[in-house]
Amino acid sequence: MGGKPVTRAQGIRFLAVGLAYFLTALLKTELSNEGDNIAVLWPSNAILIGVLLRANPHCWPGYFGSCLLADLVASKLMGESTSIALGFMLANGLAVAVTVACMQRLMPLPVTLREPSQLLALVGAGLLGTAAGAVFIGVVYGTFYWAAWPTWWLADVVSIALITPVLLSASWPVAKTLLTKRAIETAMALLIAAAVTVGVFHSSSYALVYLTAPVMLWFSFRLGLFACGVLGLVITIIVVALTLQGVGPIASQAGGISLTTIQTLQIYLSLVILPALVISIERENRLRAEAEIIQSQARYRSLYHDTPAMLHSIDRQGRLLSVSAYWLTIMGYEGNEVIGRRSTDFISDASRRYAIEVVLPAFMRSGVCRDIPYQMVKKNGEVFDVLLSATAEYNPDGSVAHSLTVMHDVTARNRAEAALVTEKERIQVTLESIGDGVITTDANGRINYLNPTAEAMTGWLLAAAQGKALPDVFQIINESTREPVADPLAPCLTGGSAVRSTNPTVLTNRHGAEYSIEISAAPIRDANNQVLGAVLVFHDVSEQRRLQREIAHQAQHDALTGLVNRREFKRRLQRAIKTAQTQNSEHALCYLDLDQFKLVNDTCGHASGDALLQQLAVLFGKNIRRRDTLARLGGDEFGLLLEHCSLDRALQIANTLRQTVEGFRFCWNGQHFRIGVSIGLVPITIANSSAASVLQTADSACYVAKDGGRNRIHIYREHDVELARRHGEMQWVARIQQALEENRFQLYAQPIVPLKATLSGGIHCELLLRLVENDGKISPPGAFMPAAERYNLAVAIDRWVVTQALRWLAAHPALLDRITLCTINLSGHSIGDRFFHAYVLRQFDDTGLPAKKICFEITETAAVANLADATRFMEALKTRGCCFSLDDFGSGLSSFAYLKALPVNFLKIDGLFVKDIVDDPIDLAMVRSINEIGHLLGKKTIAEYIENDAILDKLRGLGIDYGQGYGLGQPQPLSALLATVSRPANSIKTGADTHFI
């Protein structure tokens with residue numbers, strides 16, 4: 001029962017079927033005792049098969065179990081041994097199971113006998129099922145059962161053929177009809193069948209067949225399948241009873257029934273009853289088909305006459321055969337006034353000619369027409385428009401017999417379309433512009449319409465503004481000069497040309513509020529192309545302009561601290577140098593580098609480092625003059641420009657900052673840190689030439705302060721011994737050169753993961769450089785690359801990286817096949833070195849590596865600083881198939897200005913914007929703007945610093961193409977890539993699961 005509890009009703013049905021099986025099993029056993037231990041019929045199995053074929057399969061275990069238990073009990077009550085009883089129970093169960101399984105395969109459940117073939121299928125399934133049970137008995141119990149099993153088999157089959165159809169066709173409505181409305185006819189049938197059977201069976205068994213069979217056939221035509229089955233059971237019971245009493249031509253004079261007698265009875269009964277059952281099924285099937293045809297015809301007539309549509313049928317000569325009631329109602333006729341007349345009598349003269357000459361000939365050829373425009377004429381002479389569609393019905397010879405036509409009244413629609421032609425242009429322009437502020441005027445420039453948005457922005461209601469000149473309501477000024485702007489509709493009204501304003505414009509409304517807007521205008525013309533007026537559309541871009549100002553601010557300021565960034569600081573520093581040269585002014589520059597900042601970052605993570613920088617920026621700002629410029633130059637380095645400040649005063653300010661940092665305690669998650677600051681102080685005099693040289697000197701002075709013990713100030717002076725010693729030591733230079741000679745650099749790879757399902761998989765990674773110290777410690781590029789760039793070793797390092805990367809990839813072709821793109825970082829020095837350009841091309845030639853597998857990544861700063869060389873280098877390698885990525889995009893002032901000039905494939909958005917994108921709406925707007933502009937220029941975008949799923953989900957929502965960061969995969973040695981070779985290609989992970997190993 002599928003685990004469901006048995007209901008009370010189900011339990012009663014199980015017991016009832018089990019009781020019926022028990023009683024018929026007792027009868028079967030008693031009949032067996034009368035006939036050489038073989039029964040004439042085997043009714044119990046036939047009953048169980050009929051019940052199962054009508055029941056839900058979920059109930060089969062209940063019926064099956066109750067009946068098998070009843071079989072076992074009946075055998076024991078009749079004196080059978082336990083082994084014999086169990087054997088017969090299993091044999092009967094097997095016969096039933098095989099029969100039901102065969103029927104289940106042949107037709108859907110529950111089974112209803114609607115075709116003669118289904119009765120034959122039932123008999124066939126019974127043949128197989130009972131054969132299986134009989135063979136089981138013969139195999140298990142020996143010689144006698146082998147000799148007797150055909151007779152048992154035939155008894156079971158005959159029982160299935162006689163009894164099971166009765167159960168499958170039984171229903172209370174049928175039984176009620178036979179017992180009430182047709183009770184007399186049913187009783188006569190039973191009496192006649194009984195009388196004929198008793199009368200003819202005394203003399204001849206053949207007479208049983210040719211006299212009883214016609215009676216069965218007659219009543220099968222009259223009373224149906226169920227009654228026919230019941231009559232068959234009555235005849236069977238009478239014949240078996242007479243034979244057991246020794247009456248009839250095949251009865252044994254010694255008493256009982258022999259095997260020969262049983263087989264003869266089974267054959268006779270089959271000949272009498274089975275044909276009648278087949279005819280009954282065929283009769284009921286024919287009656288059902290006739291009823292369905294009658295119902296279908298009635299539905300068709302009802303649909304045709306009652307449907308609210310104009311329908312009619314015409315014959316081959318075009319005469320009306322029938323029309324719907326709705327047709328008559330619309331046209332104003334009675335049915336007898338139109339039937340037999342030509343359908344063309346009811347259409348206009350023009351439509352009649354069109355129908356006779358075009359439509360009807362085409363319809364006779366194709367048998368179909370769709371949406372033919374006609375003009376129908378009512379009885380009262382009124383003309384109306386219709387669309388006519390028709391389909392043909394054909395004679396057996398293929399000729400058109402008649403057609404079914406449907407017509408739709410389209411008069412109102414046609415009139416509405418005609419009325420809309422004049423207003424189409426005005427409505428179309430207005431509707432297309434309705435999303436923003438919309439003002440329409442007449443040909444004289446007088447306002448006749450404002451939409452709600454225009455009312456809100458101008459402060460004028462439509463009723464008050466109608467009839468006024470546009471400048472009285474729509475007052476606009478230039479955003480930069482604050483000067484009034486000319487009437488934007490004048491060119492539309494006088495010259496008939498559309499206008500789109502490109503100048504930044506501000507709308508001042510009636511109440512003094514201002515909106516930054518964009519304007520477009522167009523003339524409104526009539527059907528003769530005459531100017532009727534003009535439409536003005538204006539869009540509020542105040543938020544967009546505000547964001548642009550914020551982006552410009554971010555281009556000049558550090559996103560984390562809000563301080564001036566390096567680019568803006570250098571601009572202001574250059575301005576100070578110029579005033580020192582031209583006005584002999586006195587200025588000073590402080591270069592500040594935090595001590596122990598890396599300890600905080602490494603101990604508590606980037607978030608703690610960011611918080612520390614923000615707090616220090618506030619502290620620094622409180623201890624400087626208002627006119628001083630404080631900037632974050634990068635990482636944990638700050639710059640302070642002290643304009644019009646003596647060296648002594650600058651030293652006081654610098655020392656105040658140092659003491660402030662020294663006394664500051666940074667707390668993060670219960671941990672406390674003390675930090676310091678090393679400061680390089682450089683006076684700005686007439687002798688200074690450029691901002692870069694002053695910054696470099698201040699940087700060197702700062703490092704002298706660090707080397708001198710940290711948390712101190714070093715003042716640069718001419719012939720500075722300490723600074724000279726600093727320059728002479730070149731500690732990093734020596735270590736870098738030694739690492740190059742000893743090949744102690746190492747390449748790592750970090751995955752770049754596609755964030756869109758449409759982007760291809762495969763391995764996409766960035767190669768990162770590490771320096772292996774003498775003691776085995778791994779140094780990141782941030783530790784040695786600044787010194788390398790400062791002392792012109794960056795090109796040598798880049799050559800090593802390019803050589804090792806290309807050779808290693810070429811040496812692993814199996815891995816190379818799975819790599820989509822491998823990114824290599826290049827410094828600004830290499831971009832400007834033409835010999836390096838030639839060296840890279842030569843490496844591709846020597847290794848034979850496909851250039852399309854390589855992407856070179858350069859920083860935005862390096863590209864802009866060497867724009868011509870960078871462009872030349874990119875174009876040379878792009879012809880080979882290489883790609884280029886622009887790193888730290890968005891951190892510079894001129895990011896968007898130079899972007900068009902750089903032929904890059906990827907924009908890597910500065911991580912400073914990405915890491916706070918979840919909480920900072922300005923960073924979100926910045927990333928969105930960079931992504932949208934990059935896509936407009938046909939470039940893919942990459943976001944770095946992805947450290948968690950929240951950032952990843954945000955970037956996916958913005959449509960960023962690729963992502964990179966510790967949240968997607970950490971840098972690993974190149975050997976980790978080799979692990980992917982051992983896996984099948986279709987098992988390599990992509991997306992956020994890419995970790996190489």
# chains A, B, ... in the order shown; residues from 1 in each chain; ligands from 1

$ residues_around --residues "segment 774-788 of chain A" --least-positions-apart "3" --cutoff "12 Å" --atoms "only C-alpha atoms" --output "ChimeraX atom specification"
/A:598,634-635,696,699-700,703,727,730-740,742-748,767-771,791-798,825-830,971,973

$ residues_around --residues "Cys604 of chain A" --least-positions-apart "6" --cutoff "12 Å" --atoms "only C-alpha atoms" --output "list in words"
Phe597, Lys598, Asp610, Ala611, Leu612, Phe666, Cys667, Trp668, Asn669, Gly670, Gln671, His672 and Phe673 of chain A

$ closest_residue --among "A:Gln750, A:Asn584, A:Ser169, A:Gln843" --to "Gly963 of chain A" --atoms "only C-alpha atoms"
A:Gln750

$ residues_around --residues "Ile439 of chain A" --least-positions-apart "5" --cutoff "6 Å" --atoms "only C-alpha atoms" --output "count of residues only"
4

$ select_by_dssp --residues "segment 911-947 of chain A" --states "strand (DSSP E or B)" --output "number ranges by chain"
A: 940-943

$ write_last_selection --atoms "N, CA and C atoms" --output "mmCIF file, in the first residue's frame"
data_model
loop_
_atom_site.group_PDB
_atom_site.id
_atom_site.type_symbol
_atom_site.label_atom_id
_atom_site.label_comp_id
_atom_site.auth_asym_id
_atom_site.auth_seq_id
_atom_site.Cartn_x
_atom_site.Cartn_y
_atom_site.Cartn_z
ATOM 1 N N LYS A 940 36.975 44.352 -22.344
ATOM 2 C CA LYS A 940 36.522 43.558 -21.218
ATOM 3 C C LYS A 940 37.060 44.172 -19.924
ATOM 4 N N THR A 941 36.334 43.976 -18.841
ATOM 5 C CA THR A 941 36.737 44.553 -17.557
ATOM 6 C C THR A 941 37.090 43.449 -16.571
ATOM 7 N N ILE A 942 38.113 43.731 -15.741
ATOM 8 C CA ILE A 942 38.566 42.811 -14.710
ATOM 9 C C ILE A 942 38.581 43.571 -13.389
ATOM 10 N N ALA A 943 37.949 42.996 -12.363
ATOM 11 C CA ALA A 943 37.965 43.610 -11.034
ATOM 12 C C ALA A 943 38.904 42.813 -10.138
#

$ closest_residue --among "A:Cys67, A:Leu657, A:Val506, A:Val694" --to "Leu589 of chain A" --atoms "only C-alpha atoms"
A:Val694

$ select_by_dssp --residues "segment 615-860 of chain A" --states "helix (DSSP H, G or I)" --output "JSON, numbers by chain"
{"A": [615, 616, 617, 618, 619, 620, 621, 622, 647, 648, 649, 650, 651, 652, 653, 654, 655, 656, 657, 658, 659, 660, 661, 662, 691, 692, 693, 694, 695, 696, 697, 698, 699, 700, 701, 702, 703, 704, 705, 706, 707, 721, 722, 723, 724, 725, 726, 727, 728, 729, 731, 732, 733, 734, 735, 736, 737, 738, 739, 740, 741, 781, 782, 783, 784, 785, 786, 787, 788, 789, 790, 794, 795, 796, 797, 798, 799, 800, 801, 802, 803, 804, 805, 806, 807, 808, 809, 810, 813, 814, 815, 816, 817, 818, 828, 829, 830, 831, 834, 835, 836, 837, 838, 839, 840, 841, 842, 843, 844, 845, 846, 847, 851, 852, 853, 860]}

$ residues_around --residues "Leu19 of chain A" --least-positions-apart "4" --cutoff "8 Å" --atoms "only C-alpha atoms" --output "PyMOL selection string"
chain A and resi 15+23+67+70

$ write_last_selection --atoms "N, CA, C and O atoms" --output "PDB file, in the first residue's frame"
ATOM      1  N   LEU A  15     -11.551  -7.991   2.595  1.00  0.00           N
ATOM      2  CA  LEU A  15     -12.188  -9.157   3.226  1.00  0.00           C
ATOM      3  C   LEU A  15     -13.274  -9.748   2.336  1.00  0.00           C
ATOM      4  O   LEU A  15     -13.415 -10.980   2.233  1.00  0.00           O
ATOM      5  N   LEU A  23     -14.862 -18.969  -0.887  1.00  0.00           N
ATOM      6  CA  LEU A  23     -16.034 -19.781  -1.218  1.00  0.00           C
ATOM      7  C   LEU A  23     -15.864 -20.477  -2.568  1.00  0.00           C
ATOM      8  O   LEU A  23     -16.193 -21.669  -2.717  1.00  0.00           O
ATOM      9  N   CYS A  67      -6.612 -13.084  -0.850  1.00  0.00           N
ATOM     10  CA  CYS A  67      -7.057 -14.218  -1.666  1.00  0.00           C
ATOM     11  C   CYS A  67      -6.122 -15.418  -1.533  1.00  0.00           C
ATOM     12  O   CYS A  67      -6.586 -16.578  -1.486  1.00  0.00           O
ATOM     13  N   ALA A  70      -6.928 -17.018   1.648  1.00  0.00           N
ATOM     14  CA  ALA A  70      -8.198 -17.757   1.518  1.00  0.00           C
ATOM     15  C   ALA A  70      -7.985 -19.084   0.785  1.00  0.00           C
ATOM     16  O   ALA A  70      -8.564 -20.115   1.161  1.00  0.00           O
TER      17      ALA A  70
END

$ closest_residue --among "A:Met457, A:Leu191, A:Ala55, A:Ala25" --to "Arg13 of chain A" --atoms "only C-alpha atoms"
A:Ala55

$ residues_around --residues "segment 816-818 of chain A" --least-positions-apart "2" --cutoff "6 Å" --atoms "only C-alpha atoms" --output "PyMOL selection string"
chain A and resi 762+813-814

$ residues_around --residues "Arg571 of chain A" --least-positions-apart "3" --cutoff "12 Å" --atoms "only C-alpha atoms" --output "CSV table (one decimal) with N, CA and C atoms, in the first residue's frame"
chain,number,residue,atom,x,y,z
A,556,GLN,N,41.3,63.1,-8.5
A,556,GLN,CA,42.3,64.0,-7.9
A,556,GLN,C,42.6,63.6,-6.4
A,564,VAL,N,44.4,64.3,-1.3
A,564,VAL,CA,44.8,64.5,-2.6
A,564,VAL,C,45.7,63.3,-3.0
A,565,ASN,N,45.5,62.8,-4.3
A,565,ASN,CA,46.3,61.6,-4.8
A,565,ASN,C,47.6,62.1,-5.3
A,566,ARG,N,48.4,61.1,-5.8
A,566,ARG,CA,49.8,61.4,-6.2
A,566,ARG,C,49.8,62.4,-7.4
A,567,ARG,N,48.9,62.1,-8.4
A,567,ARG,CA,48.9,62.9,-9.6
A,567,ARG,C,48.6,64.4,-9.3
A,568,GLU,N,47.6,64.6,-8.5
A,568,GLU,CA,47.2,66.0,-8.1
A,568,GLU,C,48.3,66.6,-7.3
A,574,GLN,N,54.5,70.9,-8.7
A,574,GLN,CA,55.1,71.6,-9.9
A,574,GLN,C,54.8,73.1,-9.8
A,575,ARG,N,53.6,73.4,-9.4
A,575,ARG,CA,53.2,74.8,-9.3
A,575,ARG,C,54.0,75.5,-8.3
A,576,ALA,N,54.3,74.9,-7.1
A,576,ALA,CA,55.1,75.5,-6.1
A,576,ALA,C,56.5,75.7,-6.6
A,577,ILE,N,57.0,74.7,-7.3
A,577,ILE,CA,58.4,74.9,-7.9
A,577,ILE,C,58.5,76.1,-8.8
A,578,LYS,N,57.4,76.3,-9.6
A,578,LYS,CA,57.4,77.4,-10.5
A,578,LYS,C,57.3,78.7,-9.8
A,629,THR,N,49.1,71.2,1.6
A,629,THR,CA,48.5,70.1,0.8
A,629,THR,C,49.0,68.8,1.4
A,631,ALA,N,48.7,64.7,1.0
A,631,ALA,CA,48.3,63.7,-0.1
A,631,ALA,C,48.8,62.3,0.4
A,641,LEU,N,52.9,69.1,1.2
A,641,LEU,CA,53.5,70.3,0.6
A,641,LEU,C,53.2,71.5,1.4
A,690,SER,N,62.1,69.9,-11.3
A,690,SER,CA,60.9,69.2,-11.6
A,690,SER,C,60.3,68.6,-10.3
A,691,ALA,N,59.0,68.3,-10.4
A,691,ALA,CA,58.3,67.6,-9.3
A,691,ALA,C,58.9,66.2,-9.0
A,692,ALA,N,59.2,65.5,-10.1
A,692,ALA,CA,59.7,64.2,-10.0
A,692,ALA,C,61.0,64.1,-9.2
A,695,LEU,N,60.4,64.9,-5.5
A,695,LEU,CA,59.8,63.7,-4.9
A,695,LEU,C,60.8,62.6,-4.6
A,893,LEU,N,44.2,60.7,-13.0
A,893,LEU,CA,43.4,61.8,-13.4
A,893,LEU,C,42.8,61.7,-14.8

$ atom_distance --atom1 "atom CA of Arg799 of chain A" --atom2 "atom CA of Gly848 of chain A"
17.1 Å

$ residues_around --residues "segment 478-482 of chain A" --least-positions-apart "3" --cutoff "9 Å" --atoms "only C-alpha atoms" --output "PyMOL selection string"
chain A and resi 485+503-506+516

$ closest_residue --among "A:Ser646, A:Thr656, A:Ser343, A:Asn601" --to "Gly621 of chain A" --atoms "only C-alpha atoms"
A:Thr656

$ closest_residue --among "A:Leu489, A:Ile951, A:Ala132, A:Ala654" --to "Arg625 of chain A" --atoms "only C-alpha atoms"
A:Ala654
